[in-house]
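Source file: target-v2.txt. Holds: compact mmCIF, C-alpha atoms and all ligand atoms.
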```
# COMPACT_ATOMS: atom_id res chain seq x y z
CA MET A 152 7.54 -15.00 5.50
CA PRO A 153 5.82 -17.66 7.63
CA PHE A 154 4.87 -20.70 5.56
CA ALA A 155 1.24 -20.45 6.73
CA ALA A 156 0.96 -16.96 5.18
CA ALA A 157 1.92 -18.37 1.76
CA ILE A 158 -0.73 -21.12 1.68
CA PRO A 159 -3.82 -19.04 0.81
CA PHE A 160 -1.75 -17.26 -1.83
CA LEU A 161 -0.52 -20.47 -3.43
CA ARG A 162 -4.05 -21.90 -3.40
CA GLU A 163 -5.47 -18.82 -5.15
CA TRP A 164 -2.57 -18.81 -7.63
CA MET A 165 -3.28 -22.44 -8.60
CA ARG A 166 -6.91 -21.52 -9.22
CA SER A 167 -6.23 -18.33 -11.16
CA PRO A 168 -2.55 -17.91 -12.15
CA ARG A 169 -3.00 -15.03 -14.63
CA SER A 170 -4.99 -12.91 -12.23
CA VAL A 171 -2.88 -13.57 -9.12
CA ALA A 172 0.29 -13.15 -11.22
CA ALA A 173 2.73 -14.19 -8.46
CA VAL A 174 3.39 -17.45 -6.64
CA LEU A 175 4.08 -15.81 -3.28
CA PRO A 176 2.91 -12.64 -1.56
CA SER A 177 5.27 -9.63 -1.71
CA GLY A 178 7.93 -9.36 0.98
CA GLN A 179 8.29 -6.78 3.74
CA ALA A 180 10.97 -4.82 1.86
CA LEU A 181 8.64 -4.18 -1.09
CA ALA A 182 5.75 -3.38 1.27
CA SER A 183 7.94 -0.83 3.00
CA LEU A 184 9.12 0.75 -0.27
CA ILE A 185 5.69 1.03 -1.90
CA THR A 186 4.19 2.69 1.21
CA LYS A 187 7.17 4.90 2.11
CA ASP A 188 5.53 8.25 1.17
CA ILE A 189 2.26 7.42 2.96
CA SER A 190 1.52 8.41 6.56
CA ALA A 191 -1.26 9.22 9.02
CA VAL A 192 -1.92 12.53 7.20
CA THR A 193 -2.50 10.94 3.77
CA GLY A 194 -6.18 10.38 4.55
CA PRO A 195 -8.22 7.77 2.66
CA VAL A 196 -6.16 5.15 0.82
CA LEU A 197 -7.45 2.89 -1.95
CA GLU A 198 -5.64 -0.42 -2.36
CA LEU A 199 -6.02 -2.49 -5.55
CA GLY A 200 -5.27 -6.23 -5.49
CA PRO A 201 -4.27 -6.56 -1.80
CA GLY A 202 -4.13 -10.38 -1.91
CA THR A 203 -3.43 -11.50 1.65
CA GLY A 204 -2.81 -7.93 2.86
CA VAL A 205 0.99 -7.49 2.98
CA PHE A 206 0.75 -3.85 1.78
CA THR A 207 -2.37 -3.29 3.88
CA GLN A 208 -0.46 -4.22 7.01
CA ALA A 209 2.38 -1.87 6.01
CA LEU A 210 -0.13 0.97 5.50
CA LEU A 211 -1.47 0.45 9.03
CA ALA A 212 2.11 0.48 10.37
CA ARG A 213 2.57 3.86 8.62
CA GLY A 214 -0.34 5.27 10.61
CA VAL A 215 -3.20 4.95 8.10
CA ARG A 216 -6.43 4.24 9.97
CA GLN A 217 -8.15 0.97 9.14
CA GLN A 218 -11.43 2.82 8.52
CA ASP A 219 -9.64 4.98 5.91
CA LEU A 220 -8.81 1.91 3.82
CA THR A 221 -10.81 0.65 0.85
CA LEU A 222 -9.52 -2.69 -0.46
CA ILE A 223 -10.49 -3.80 -3.98
CA GLU A 224 -9.91 -7.52 -4.49
CA TYR A 225 -11.10 -9.83 -7.29
CA GLY A 226 -10.29 -13.16 -5.62
CA SER A 227 -13.24 -14.21 -3.45
CA ASP A 228 -11.12 -16.14 -0.93
CA PHE A 229 -8.72 -13.20 -0.63
CA ALA A 230 -11.65 -10.80 -0.15
CA ARG A 231 -13.04 -12.92 2.70
CA LEU A 232 -9.62 -13.25 4.30
CA LEU A 233 -9.05 -9.48 4.10
CA GLN A 234 -12.39 -8.70 5.73
CA ARG A 235 -11.50 -11.05 8.59
CA ARG A 236 -7.99 -9.59 8.98
CA PHE A 237 -9.07 -5.92 8.68
CA PRO A 238 -12.64 -5.79 10.02
CA GLU A 239 -12.85 -1.96 10.02
CA ALA A 240 -11.63 -1.57 6.43
CA ARG A 241 -14.05 -1.49 3.51
CA VAL A 242 -13.39 -4.62 1.44
CA LEU A 243 -14.99 -4.74 -1.99
CA TRP A 244 -15.01 -7.96 -3.97
CA MET A 245 -14.82 -6.50 -7.46
CA ASP A 246 -12.77 -6.02 -10.61
CA ALA A 247 -10.56 -2.94 -10.33
CA ALA A 248 -11.22 -2.23 -14.02
CA LEU A 249 -14.79 -1.28 -13.03
CA LEU A 250 -13.81 1.44 -10.53
CA ASP A 251 -15.20 4.10 -12.83
CA ARG A 252 -18.64 2.45 -12.98
CA HIS A 253 -19.21 2.73 -9.23
CA GLU A 254 -19.50 5.67 -6.86
CA LEU A 255 -16.89 4.57 -4.32
CA TYR A 256 -16.47 8.00 -2.78
CA ARG A 257 -18.24 11.29 -2.97
CA ASP A 258 -15.86 13.62 -4.86
CA ALA A 259 -12.15 12.78 -4.73
CA PRO A 260 -10.82 12.46 -1.17
CA VAL A 261 -8.17 9.75 -1.71
CA GLY A 262 -4.57 10.68 -0.88
CA ALA A 263 -2.91 7.55 -2.28
CA VAL A 264 -3.66 4.47 -4.33
CA VAL A 265 -1.47 1.43 -3.63
CA CYS A 266 -1.67 -1.06 -6.45
CA GLY A 267 -0.55 -4.69 -6.27
CA LEU A 268 -2.06 -5.74 -9.61
CA GLY A 269 -0.02 -7.65 -12.18
CA PHE A 270 -0.11 -5.11 -15.04
CA LEU A 271 2.32 -7.22 -17.11
CA ASN A 272 -0.48 -9.79 -17.64
CA MET A 273 -3.11 -7.25 -18.66
CA PRO A 274 -4.12 -5.72 -21.99
CA GLN A 275 -3.48 -1.99 -22.36
CA GLU A 276 -7.21 -1.14 -22.34
CA LYS A 277 -7.65 -2.78 -18.95
CA ILE A 278 -4.64 -0.96 -17.48
CA ALA A 279 -6.04 2.31 -18.82
CA ALA A 280 -9.46 1.62 -17.26
CA ILE A 281 -7.89 0.85 -13.86
CA VAL A 282 -5.62 3.91 -13.80
CA LYS A 283 -8.37 6.21 -15.08
CA GLY A 284 -10.85 4.85 -12.51
CA ALA A 285 -8.35 5.28 -9.66
CA PHE A 286 -7.57 8.89 -10.62
CA ARG A 287 -11.25 9.69 -10.52
CA TYR A 288 -11.05 9.34 -6.71
CA LEU A 289 -7.55 10.79 -6.13
CA ARG A 290 -7.09 14.31 -4.80
CA GLN A 291 -5.20 16.73 -7.05
CA ASP A 292 -2.03 16.12 -5.00
CA GLY A 293 -2.67 12.37 -4.69
CA ALA A 294 -0.44 9.65 -6.13
CA PHE A 295 -0.80 6.12 -7.49
CA TYR A 296 1.94 3.70 -6.37
CA PHE A 297 2.63 0.34 -8.01
CA PHE A 298 5.39 -2.18 -8.57
CA THR A 299 6.38 -4.37 -11.47
CA TYR A 300 8.59 -7.38 -12.09
CA GLY A 301 9.61 -5.98 -15.48
CA GLU A 302 12.56 -3.84 -16.54
CA ARG A 303 10.51 -0.73 -17.17
CA CYS A 304 7.32 1.01 -16.03
CA SER A 305 4.42 -1.40 -16.69
CA VAL A 306 1.88 1.36 -17.33
CA PRO A 307 2.42 2.08 -21.05
CA ASP A 308 3.50 5.58 -22.13
CA ALA A 309 0.38 5.79 -24.33
CA VAL A 310 -1.86 5.36 -21.27
CA LEU A 311 0.04 8.01 -19.30
CA ALA A 312 -0.12 10.46 -22.24
CA GLU A 313 -3.84 9.84 -22.83
CA LEU A 314 -4.66 10.57 -19.17
CA ASP A 315 -2.17 13.46 -18.79
CA LEU A 316 -0.17 11.63 -16.15
CA GLU A 317 3.52 11.09 -15.50
CA ALA A 318 5.42 8.23 -13.85
CA THR A 319 8.46 8.56 -11.57
CA HIS A 320 10.75 5.76 -10.44
CA VAL A 321 10.55 5.63 -6.61
CA GLY A 322 13.16 2.91 -6.00
CA LYS A 323 13.85 -0.78 -6.39
CA THR A 324 14.18 -3.53 -3.83
CA PHE A 325 16.36 -6.57 -4.39
CA ARG A 326 15.05 -8.07 -1.13
CA ASN A 327 11.97 -9.40 -2.93
CA VAL A 328 11.47 -12.49 -5.08
CA PRO A 329 11.74 -11.39 -7.83
CA PRO A 330 13.37 -7.92 -7.36
CA ALA A 331 10.81 -5.18 -7.98
CA PRO A 332 10.96 -1.50 -8.92
CA VAL A 333 8.25 0.81 -7.56
CA TYR A 334 6.76 3.71 -9.53
CA ARG A 335 4.57 6.66 -8.62
CA ILE A 336 2.08 8.17 -11.07
CA THR A 337 0.86 11.72 -10.58
CA ARG A 338 -1.07 14.26 -12.61
CA ARG A 339 1.11 16.12 -15.08
CA TRP A 340 -0.71 19.36 -14.31
CA PRO A 341 -2.06 19.16 -10.72
CA GLY A 342 -4.62 21.84 -10.05
CA GLN A 343 -6.25 21.62 -13.47
CA GLY A 344 -9.50 19.77 -13.94
C1 LIG A 401 0.51 -10.04 -7.76
S1 LIG A 401 -0.84 -10.34 -6.61
C2 LIG A 401 -0.37 -9.14 -5.35
C3 LIG A 401 -1.00 -9.36 -4.01
C4 LIG A 401 -0.44 -8.47 -2.88
N1 LIG A 401 -0.66 -7.06 -3.17
C5 LIG A 401 1.02 -8.72 -2.69
O1 LIG A 401 1.81 -7.87 -3.15
O2 LIG A 401 1.37 -9.73 -2.08
C6 LIG A 401 -2.22 -9.58 -7.47
C7 LIG A 401 -3.52 -9.47 -6.69
O3 LIG A 401 -4.46 -8.73 -7.46
C8 LIG A 401 -5.71 -9.42 -7.48
N2 LIG A 401 -6.36 -9.06 -8.76
C9 LIG A 401 -6.00 -9.46 -10.00
N3 LIG A 401 -6.77 -8.88 -10.93
C10 LIG A 401 -7.62 -8.05 -10.26
C11 LIG A 401 -8.63 -7.15 -10.66
N4 LIG A 401 -8.95 -6.99 -11.95
N5 LIG A 401 -9.30 -6.45 -9.71
C12 LIG A 401 -9.00 -6.59 -8.39
N6 LIG A 401 -8.04 -7.45 -7.94
C13 LIG A 401 -7.36 -8.16 -8.86
C14 LIG A 401 -5.33 -10.88 -7.36
O4 LIG A 401 -6.42 -11.65 -6.88
C15 LIG A 401 -4.17 -10.78 -6.37
O5 LIG A 401 -4.65 -10.72 -5.04
```
What would the structure in this file look like if it were written as structure tokens?
Amino acid sequence: MPFAAAIPFLREWMRSPRSVAAVLPSGQALASLITKDISAVTGPVLELGPGTGVFTQALLARGVRQQDLTLIEYGSDFARLLQRRFPEARVLWMDAALLDRHELYRDAPVGAVVCGLGFLNMPQEKIAAIVKGAFRYLRQDGAFYFFTYGERCSVPDAVLAELDLEATHVGKTFRNVPPAPVYRITRRWPGQG
């Protein structure tokens, strides 16, 4: 990673360590793993906590159109940087826990959610609000991808059960600091509701 790419991240981390939750942006290996099932046919993609846009760039490389991207970012400097880097994407400076309170899309057209949020630093109620809000916009066959630095899935079983969702381990990369497993959450009963 070029040193210059780490500077905005480090600056934001010093200002808000709990929210940023990592000292450096994710590496290319994790970006490649978390986006591996996504392609030009996925359609609209919602990204939560893009930071400096490492996953965003990987999504574009997979064939997702910039105008099909909605980027939800809480850090104001990150949000400004993202809008400069991806001028055709929709960048929203907001808390991902409030997804459900806004009408981001008409109906549910989203094929994939890519989530870079640090769930390990969040209370269970906030994780539940974020996952619930994201699934409001996901198609029946859509999936929610996220990574963790922990040993197990960072979305608690109670949240998955309450929302009728299931998590699958997608893979783990050791070429990231620290190593990170990626999970995919889908509806337990797609086609219902
Ligand atoms: C661990 S960093 C990951 C950044 C980037 N996805 C990466 O992998 O390099 C978490 C990001 O989520 C953002 N964030 C934290 N809490 C948030 C929230 N409630 N809503 C939206 N973004 C949030 C932070 O500002 C930061 O950009």
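Look at Gly214 in chain A: the protein and nucleic acid residues within 12 Å of it, using all atoms listed in the file and passing over chain neighbours fewer than 6 places away, are Thr186, Lys187, Asp188, Ile189, Ser190, Ala191, Val192, Thr193, Gly194, Pro195, Val196, Thr207, Gln208 and Leu220 of chain A.
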- Message: Which residues are near ligand LIG 401 (chain A) in this structure, taking near to mean any atom at most 6 Å from a ligand atom and counting only C-alpha atoms and all ligand atoms? Format them as a PyMOL selection string.
- Response: chain A and resi 170-173+176-177+199-202+205+223-226+245-248+267-269
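The space between CA of Gln218 in chain A and CA of Val265 in chain A spans 15.8 Å.
Taking CA of Ala318 in chain A and CA of Arg303 in chain A as the two end points, the separation is 10.8 Å.
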- Polymer residues at most 9 Å from (9.1, -4.0, 2.6) by all atoms listed in the file, as number ranges by chain: A: 177-186, 205-206, 209, 324, 326-327
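Across the model, the gap from CA of Phe229 in chain A to CA of Ala157 in chain A is 12.1 Å.
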- Task: Quick one: everything within 9 Å of range 240-242 of chain A, counting all atoms listed in the file, minus sequence neighbours fewer than 3 positions away in the same chain. Send it as a PyMOL selection string.
- Result: chain A and resi 216-224+230-231+233-234+237
Give me, as a Markdown table, each residue of range 201-295 of chain A that comes within 12 Å of range 332-336 of chain A, together with its shortest interatomic pair and the distance in Å at one decimal, counting only C-alpha atoms, with rows ordered by chain and rising residue number.
```
| residue | atom | partner | partner_atom | distance |
| --- | --- | --- | --- | --- |
| A:Ala263 | CA | A:Arg335 | CA | 9.8 |
| A:Val264 | CA | A:Arg335 | CA | 9.5 |
| A:Val265 | CA | A:Arg335 | CA | 9.4 |
| A:Cys266 | CA | A:Val333 | CA | 10.2 |
| A:Gly267 | CA | A:Val333 | CA | 10.5 |
| A:Val282 | CA | A:Ile336 | CA | 9.2 |
| A:Lys283 | CA | A:Ile336 | CA | 11.4 |
| A:Ala285 | CA | A:Ile336 | CA | 10.9 |
| A:Phe286 | CA | A:Ile336 | CA | 9.7 |
| A:Leu289 | CA | A:Ile336 | CA | 11.1 |
| A:Gln291 | CA | A:Ile336 | CA | 11.9 |
| A:Asp292 | CA | A:Ile336 | CA | 10.8 |
| A:Gly293 | CA | A:Ile336 | CA | 9.0 |
| A:Ala294 | CA | A:Ile336 | CA | 5.7 |
| A:Phe295 | CA | A:Ile336 | CA | 5.0 |
```
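When only C-alpha atoms are used to measure the gap to Asp251 in chain A, the shortest distance among A:Ala309, A:Leu271, A:Ala279, A:Leu175 belongs to A:Ala279.
Minimum atom-to-atom distance to Glu239 in chain A, evaluated using only C-alpha atoms, belongs to A:Leu211 out of A:Val261, A:Leu211, A:Leu255, A:Ser167.
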- Query: Which residue, A:Gly204, A:Pro329, A:Pro168, A:Pro307, has the smallest gap to Arg235 in chain A when you use all atoms listed in the file?
  - Reply: A:Gly204
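Among the candidate residues A:Asp228, A:Leu197, A:Ser305, A:Val215, the one lying nearest to Tyr256 in chain A is A:Leu197, with distances computed using only C-alpha atoms.
Among the candidates A:Ile158, A:Ser227, A:Thr319, A:His253, the residue lying nearest to Gly284 in chain A is A:His253 (atoms considered: all atoms listed in the file).
For Trp340 in chain A, the list of residues within 12 Å, based on all atoms listed in the file and with local chain neighbours fewer than 2 positions off taken out, reads Gln291, Asp292, Ala312, Leu314, Asp315, Leu316, Glu317, Ile336, Thr337, Arg338, Gly342, Gln343 and Gly344 of chain A.
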- Item | Residue list as a PyMOL selection string for point (11.3, -7.9, -15.8), cut-off 9 Å, all atoms listed in the file | chain A and resi 299-303+329-331
